[in-house]
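**Student:** Provided herewith: model_23.tsv, TSV, C-alpha atoms.
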```
chain	number	residue	atom	x	y	z
A	1	MET	CA	-73.37	51.59	2.82
A	2	PRO	CA	-71.83	54.03	5.34
A	3	GLN	CA	-68.49	55.54	4.43
A	4	THR	CA	-65.51	55.17	6.74
A	5	HIS	CA	-64.38	58.47	8.28
A	6	ASN	CA	-61.12	58.74	10.17
A	7	LYS	CA	-60.88	61.76	12.43
A	8	LEU	CA	-57.76	63.85	11.95
A	9	ARG	CA	-55.34	64.27	14.83
A	10	VAL	CA	-54.34	67.77	15.88
A	11	HIS	CA	-50.93	67.54	14.18
A	12	GLU	CA	-52.66	66.51	10.91
A	13	LEU	CA	-54.84	69.64	10.78
A	14	GLY	CA	-52.01	71.92	9.63
A	15	ARG	CA	-52.91	74.70	12.06
A	16	LEU	CA	-50.64	77.67	12.78
A	17	ASP	CA	-48.71	77.92	16.02
A	18	ALA	CA	-49.27	81.05	18.15
A	19	ASP	CA	-46.27	82.99	16.78
A	20	SER	CA	-47.20	82.19	13.18
A	21	PHE	CA	-50.78	83.27	13.86
A	22	LYS	CA	-49.65	86.62	15.29
A	23	SER	CA	-47.49	87.41	12.26
A	24	SER	CA	-49.85	86.02	9.60
A	25	ALA	CA	-52.12	88.03	7.31
A	26	LYS	CA	-55.64	88.43	8.69
A	27	TRP	CA	-59.03	88.62	6.99
A	28	PRO	CA	-60.36	92.22	6.80
A	29	LEU	CA	-62.96	91.73	9.54
A	30	CYS	CA	-62.92	92.77	13.18
A	31	LEU	CA	-65.51	92.16	15.87
A	32	VAL	CA	-66.70	94.91	18.21
A	33	LEU	CA	-68.32	93.69	21.41
A	34	ASP	CA	-70.78	96.30	22.70
A	35	GLY	CA	-71.37	95.62	26.38
A	36	VAL	CA	-71.19	91.83	26.17
A	37	ARG	CA	-71.33	90.67	29.78
A	38	SER	CA	-70.60	86.95	29.67
A	39	ALA	CA	-67.01	85.81	30.08
A	40	HIS	CA	-67.95	82.59	28.29
A	41	ASN	CA	-69.30	84.52	25.29
A	42	LEU	CA	-66.14	86.63	25.17
A	43	GLY	CA	-64.01	83.47	25.24
A	44	SER	CA	-66.09	81.93	22.46
A	45	VAL	CA	-65.80	85.08	20.34
A	46	LEU	CA	-62.00	85.01	20.77
A	47	ARG	CA	-61.97	81.39	19.61
A	48	THR	CA	-64.09	82.36	16.60
A	49	ALA	CA	-61.65	85.19	15.82
A	50	ASP	CA	-58.84	82.65	15.97
A	51	ALA	CA	-60.68	80.11	13.80
A	52	PHE	CA	-61.35	82.67	11.06
A	53	ARG	CA	-58.03	84.53	11.57
A	54	LEU	CA	-59.75	87.91	12.05
A	55	GLU	CA	-57.87	91.19	12.38
A	56	ALA	CA	-59.03	92.03	15.95
A	57	VAL	CA	-61.64	91.88	18.67
A	58	HIS	CA	-62.60	95.23	20.24
A	59	ILE	CA	-64.04	94.91	23.74
A	60	CYS	CA	-66.25	97.84	24.80
A	61	GLY	CA	-67.89	98.35	28.16
A	62	PRO	CA	-67.50	96.75	31.56
A	63	MET	CA	-66.71	93.10	30.95
A	64	PRO	CA	-64.04	90.65	32.01
A	65	LEU	CA	-60.65	90.97	30.34
A	66	PRO	CA	-59.52	88.15	28.06
A	67	HIS	CA	-56.84	86.94	30.48
A	68	SER	CA	-59.34	86.28	33.28
A	69	PRO	CA	-59.81	82.60	34.17
A	70	GLU	CA	-63.49	82.69	33.15
A	71	VAL	CA	-62.66	83.91	29.63
A	72	ALA	CA	-59.60	81.68	29.26
A	73	LYS	CA	-61.71	78.61	30.08
A	74	THR	CA	-63.69	79.07	26.85
A	75	ALA	CA	-61.04	80.80	24.71
A	76	LEU	CA	-58.69	77.82	25.15
A	77	GLY	CA	-55.59	79.94	24.56
A	78	ALA	CA	-56.93	82.19	21.78
A	79	GLU	CA	-56.85	85.12	24.23
A	80	GLN	CA	-53.06	84.90	24.10
A	81	TRP	CA	-52.64	85.44	20.33
A	82	VAL	CA	-55.81	87.01	18.94
A	83	HIS	CA	-55.31	90.78	18.83
A	84	TRP	CA	-57.78	92.43	21.19
A	85	VAL	CA	-58.24	96.01	22.35
A	86	ARG	CA	-60.15	97.18	25.43
A	87	TRP	CA	-62.21	100.39	25.14
A	88	ASP	CA	-64.17	102.28	27.81
A	89	SER	CA	-66.38	103.88	25.17
A	90	ILE	CA	-68.13	102.25	22.21
A	91	SER	CA	-68.15	105.64	20.45
A	92	ASP	CA	-64.37	106.04	20.78
A	93	CYS	CA	-63.90	102.52	19.44
A	94	LEU	CA	-66.17	103.01	16.44
A	95	ARG	CA	-64.67	106.43	15.63
A	96	SER	CA	-61.26	104.72	15.51
A	97	LEU	CA	-62.69	102.28	12.93
A	98	SER	CA	-64.04	104.98	10.60
A	99	ASP	CA	-62.15	103.47	7.65
A	100	HIS	CA	-64.16	100.24	8.12
A	101	CYS	CA	-67.66	99.48	6.92
A	102	ILE	CA	-69.36	99.34	10.34
A	103	LEU	CA	-72.21	96.83	10.55
A	104	ALA	CA	-74.45	95.76	13.42
A	105	LEU	CA	-75.65	92.22	13.96
A	106	GLU	CA	-79.07	93.31	15.16
A	107	GLN	CA	-82.77	92.99	14.42
A	108	THR	CA	-83.97	96.43	13.32
A	109	ASP	CA	-86.75	97.68	11.08
A	110	SER	CA	-84.18	98.23	8.31
A	111	ALA	CA	-82.03	95.12	8.86
A	112	LEU	CA	-80.84	93.17	5.85
A	113	ASP	CA	-80.89	89.39	5.92
A	114	LEU	CA	-77.32	88.29	6.53
A	115	HIS	CA	-77.36	85.81	3.66
A	116	ARG	CA	-78.43	88.53	1.21
A	117	TYR	CA	-75.84	91.14	2.22
A	118	ILE	CA	-72.98	91.62	-0.24
A	119	PRO	CA	-69.98	93.20	1.49
A	120	ASP	CA	-67.93	95.94	-0.12
A	121	ARG	CA	-64.55	94.24	-0.46
A	122	SER	CA	-62.74	97.55	-0.91
A	123	ARG	CA	-63.02	98.27	2.84
A	124	PRO	CA	-62.46	96.19	5.94
A	125	VAL	CA	-65.56	95.39	8.02
A	126	ALA	CA	-66.23	96.02	11.69
A	127	LEU	CA	-69.14	93.90	12.96
A	128	VAL	CA	-70.79	95.16	16.15
A	129	ILE	CA	-72.18	92.43	18.41
A	130	GLY	CA	-74.39	93.64	21.26
A	131	HIS	CA	-75.28	92.79	24.83
A	132	GLU	CA	-76.85	89.36	25.32
A	133	ILE	CA	-80.24	90.76	26.41
A	134	THR	CA	-80.50	94.33	25.07
A	135	GLY	CA	-78.50	93.90	21.85
A	136	VAL	CA	-76.49	96.59	20.09
A	137	SER	CA	-76.82	99.94	21.86
A	138	ASP	CA	-78.49	102.92	20.17
A	139	GLU	CA	-75.15	104.71	20.56
A	140	ALA	CA	-73.39	102.02	18.50
A	141	LEU	CA	-76.22	101.76	15.95
A	142	SER	CA	-75.76	105.46	15.13
A	143	PHE	CA	-72.31	104.57	13.67
A	144	CYS	CA	-73.51	101.60	11.60
A	145	GLU	CA	-74.01	101.69	7.84
A	146	HIS	CA	-76.26	98.62	7.95
A	147	ALA	CA	-77.84	96.26	10.42
A	148	LEU	CA	-77.76	92.57	9.52
A	149	SER	CA	-80.02	89.89	10.94
A	150	ILE	CA	-79.97	86.12	10.82
A	151	PRO	CA	-83.35	84.77	9.65
A	152	GLN	CA	-84.90	82.50	12.28
A	153	PHE	CA	-88.02	80.38	12.22
A	154	GLY	CA	-88.64	79.18	15.79
A	155	THR	CA	-90.26	80.77	18.82
A	156	LYS	CA	-87.15	82.42	20.30
A	157	HIS	CA	-86.23	85.85	18.99
A	158	SER	CA	-82.46	85.37	18.99
A	159	LEU	CA	-79.55	82.96	18.91
A	160	ASN	CA	-76.81	82.66	21.50
A	161	LEU	CA	-74.33	85.50	20.96
A	162	SER	CA	-71.36	83.24	20.23
A	163	VAL	CA	-73.38	81.09	17.80
A	164	ALA	CA	-74.69	84.17	15.96
A	165	THR	CA	-71.15	85.59	15.79
A	166	GLY	CA	-69.81	82.42	14.19
A	167	ILE	CA	-72.62	82.36	11.62
A	168	ALA	CA	-72.10	86.04	10.79
A	169	CYS	CA	-68.32	85.66	10.41
A	170	TRP	CA	-68.70	82.73	8.05
A	171	ALA	CA	-71.35	84.51	5.97
A	172	LEU	CA	-69.35	87.75	5.72
A	173	LEU	CA	-66.11	86.01	4.85
A	174	PHE	CA	-67.37	83.32	2.52
A	175	GLY	CA	-70.78	84.68	1.60
A	176	THR	CA	-73.93	82.67	1.18
A	177	GLY	CA	-75.48	84.97	-1.42
A	178	ASN	CA	-72.08	86.17	-2.61
A	179	PRO	CA	-69.63	83.30	-3.09
A	180	GLU	CA	-66.60	85.53	-2.59
A	181	GLY	CA	-67.85	87.42	0.47
A	182	LEU	CA	-64.95	89.50	1.79
A	183	ILE	CA	-62.54	86.95	0.41
A	184	SER	CA	-61.02	87.81	-2.94
A	185	GLN	CA	-57.93	85.68	-2.56
A	186	SER	CA	-56.62	83.17	-0.09
A	187	LEU	CA	-54.34	84.22	2.75
```
Go ahead and render the structure in this file as structure tokens.
**Tutor:**
Amino acid sequence: MPQTHNKLRVHELGRLDADSFKSSAKWPLCLVLDGVRSAHNLGSVLRTADAFRLEAVHICGPMPLPHSPEVAKTALGAEQWVHWVRWDSISDCLRSLSDHCILALEQTDSALDLHRYIPDRSRPVALVIGHEITGVSDEALSFCEHALSIPQFGTKHSLNLSVATGIACWALLFGTGNPEGLISQSL
């Protein structure tokens, strides 16, 4: 017999307001967008950063700014409270994150399956997400300690950027092969 499920209303979800979000502790993970061109993908990534309460989103290369109407349409307000930084150069951005374990979400000949990667919880993580067609640039890859890939079994060679970002954030934070992932205690 089917179980009865009552959807929760927004006020029942116990979510933070914008000011509380800004001042709250963040998980030790930031996203670095390497030449992402789609305003909708940027908006979705900002929403993902909000959902997982990530430390920051670094935006590298010529792309719309988070306050543009195209980004705001998908970000649904997250662009107003998620910490983001705009960089002209991916190298300058990644050099500034040298205290982080820098990872690429990319299919390479040395990529580790995302679900098998065990993060080093002693350092924050910077996850580089690349251009929708060409992926993570060679320039950015030269800074990365590891490349991670999401195993796939269909005919397409990749997932949508925002979908892949959400999967990677969940796996890094909560770990599929490592139950603690980056999380050693609750926020």
**Student:** Residues of region 69-125 of chain A that have any atom at most 7 Å from an atom of region 147-161 of chain A: could you tabulate them with the shortest-distance atom pair and the distance in Å to one decimal, using all atoms listed in the file, ordered by chain and increasing number, as CSV?
**Tutor:**
```
residue,atom,partner,partner_atom,distance
A:Leu103,CA,A:Ala147,CA,5.7
A:Ala104,CA,A:Ala147,CA,4.6
A:Leu105,CA,A:Leu148,CA,4.9
A:Glu106,CA,A:Ser149,CA,5.5
A:Gln107,CA,A:Ser149,CA,5.4
A:Thr108,CA,A:Ala147,CA,6.8
A:Ser110,CA,A:Ala147,CA,7.0
A:Ala111,CA,A:Ala147,CA,4.6
A:Leu112,CA,A:Leu148,CA,4.8
A:Asp113,CA,A:Ser149,CA,5.1
A:Leu114,CA,A:Leu148,CA,5.2
```
**Student:** Store the residues picked out above, limited to C-alpha atoms, as a PDB file, in the frame of the given file.
**Tutor:**
```pdb
ATOM      1  CA  LEU A 103     -72.210  96.830  10.550  1.00  0.00           C
ATOM      2  CA  ALA A 104     -74.450  95.760  13.420  1.00  0.00           C
ATOM      3  CA  LEU A 105     -75.650  92.220  13.960  1.00  0.00           C
ATOM      4  CA  GLU A 106     -79.070  93.310  15.160  1.00  0.00           C
ATOM      5  CA  GLN A 107     -82.770  92.990  14.420  1.00  0.00           C
ATOM      6  CA  THR A 108     -83.970  96.430  13.320  1.00  0.00           C
ATOM      7  CA  SER A 110     -84.180  98.230   8.310  1.00  0.00           C
ATOM      8  CA  ALA A 111     -82.030  95.120   8.860  1.00  0.00           C
ATOM      9  CA  LEU A 112     -80.840  93.170   5.850  1.00  0.00           C
ATOM     10  CA  ASP A 113     -80.890  89.390   5.920  1.00  0.00           C
ATOM     11  CA  LEU A 114     -77.320  88.290   6.530  1.00  0.00           C
TER      12      LEU A 114
END
```
**Student:** Using all atoms listed in the file, which protein or nucleic acid residues come within 8 Å of region 60-77 of chain A? Drop anything in the same chain fewer than 6 positions from it, and give the result as a list in words.
**Tutor:**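 The contact residues come out as Val32, Leu33, Asp34, Gly35, Val36, Arg37, Ser38, Ala39, His40, Asn41, Leu42, Gly43, Ser44, Val45, Leu46, Arg47, Arg86, Trp87, Asp88, Ser89, Ile90 and Cys93 of chain A.
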**Student:** What does the file look like for those residues with C-alpha atoms, as an mmCIF file, in the frame of the given file?
**Tutor:**
```cif
data_model
loop_
_atom_site.group_PDB
_atom_site.id
_atom_site.type_symbol
_atom_site.label_atom_id
_atom_site.label_comp_id
_atom_site.auth_asym_id
_atom_site.auth_seq_id
_atom_site.Cartn_x
_atom_site.Cartn_y
_atom_site.Cartn_z
ATOM 1 C CA VAL A 32 -66.700 94.910 18.210
ATOM 2 C CA LEU A 33 -68.320 93.690 21.410
ATOM 3 C CA ASP A 34 -70.780 96.300 22.700
ATOM 4 C CA GLY A 35 -71.370 95.620 26.380
ATOM 5 C CA VAL A 36 -71.190 91.830 26.170
ATOM 6 C CA ARG A 37 -71.330 90.670 29.780
ATOM 7 C CA SER A 38 -70.600 86.950 29.670
ATOM 8 C CA ALA A 39 -67.010 85.810 30.080
ATOM 9 C CA HIS A 40 -67.950 82.590 28.290
ATOM 10 C CA ASN A 41 -69.300 84.520 25.290
ATOM 11 C CA LEU A 42 -66.140 86.630 25.170
ATOM 12 C CA GLY A 43 -64.010 83.470 25.240
ATOM 13 C CA SER A 44 -66.090 81.930 22.460
ATOM 14 C CA VAL A 45 -65.800 85.080 20.340
ATOM 15 C CA LEU A 46 -62.000 85.010 20.770
ATOM 16 C CA ARG A 47 -61.970 81.390 19.610
ATOM 17 C CA ARG A 86 -60.150 97.180 25.430
ATOM 18 C CA TRP A 87 -62.210 100.390 25.140
ATOM 19 C CA ASP A 88 -64.170 102.280 27.810
ATOM 20 C CA SER A 89 -66.380 103.880 25.170
ATOM 21 C CA ILE A 90 -68.130 102.250 22.210
ATOM 22 C CA CYS A 93 -63.900 102.520 19.440
#
```
**Student:** In Å, how far is it from CA of Ala56 (chain A) to CA of Trp84 (chain A)?
**Tutor:** 5.4 Å
**Student:** Choose the residue, out of A:Cys144, A:Leu94, A:Val125, A:Val136, that has the smallest atom-to-atom separation from Cys30 (chain A); count all atoms listed in the file.
**Tutor:** A:Val125
**Student:** Between CA of Trp27 (chain A) and CA of Glu12 (chain A), what distance in Å does the model show, to one decimal?
**Tutor:**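 Calculated distance between CA of Trp27 (chain A) and CA of Glu12 (chain A) is 23.3 Å.
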**Student:** Find, counting all atoms listed in the file, the residue in A:Ile167, A:Leu29, A:Leu127, A:Leu16 that gets nearest to Ala78 (chain A).
**Tutor:**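 So, comparing all the options, the nearest one is A:Leu16.
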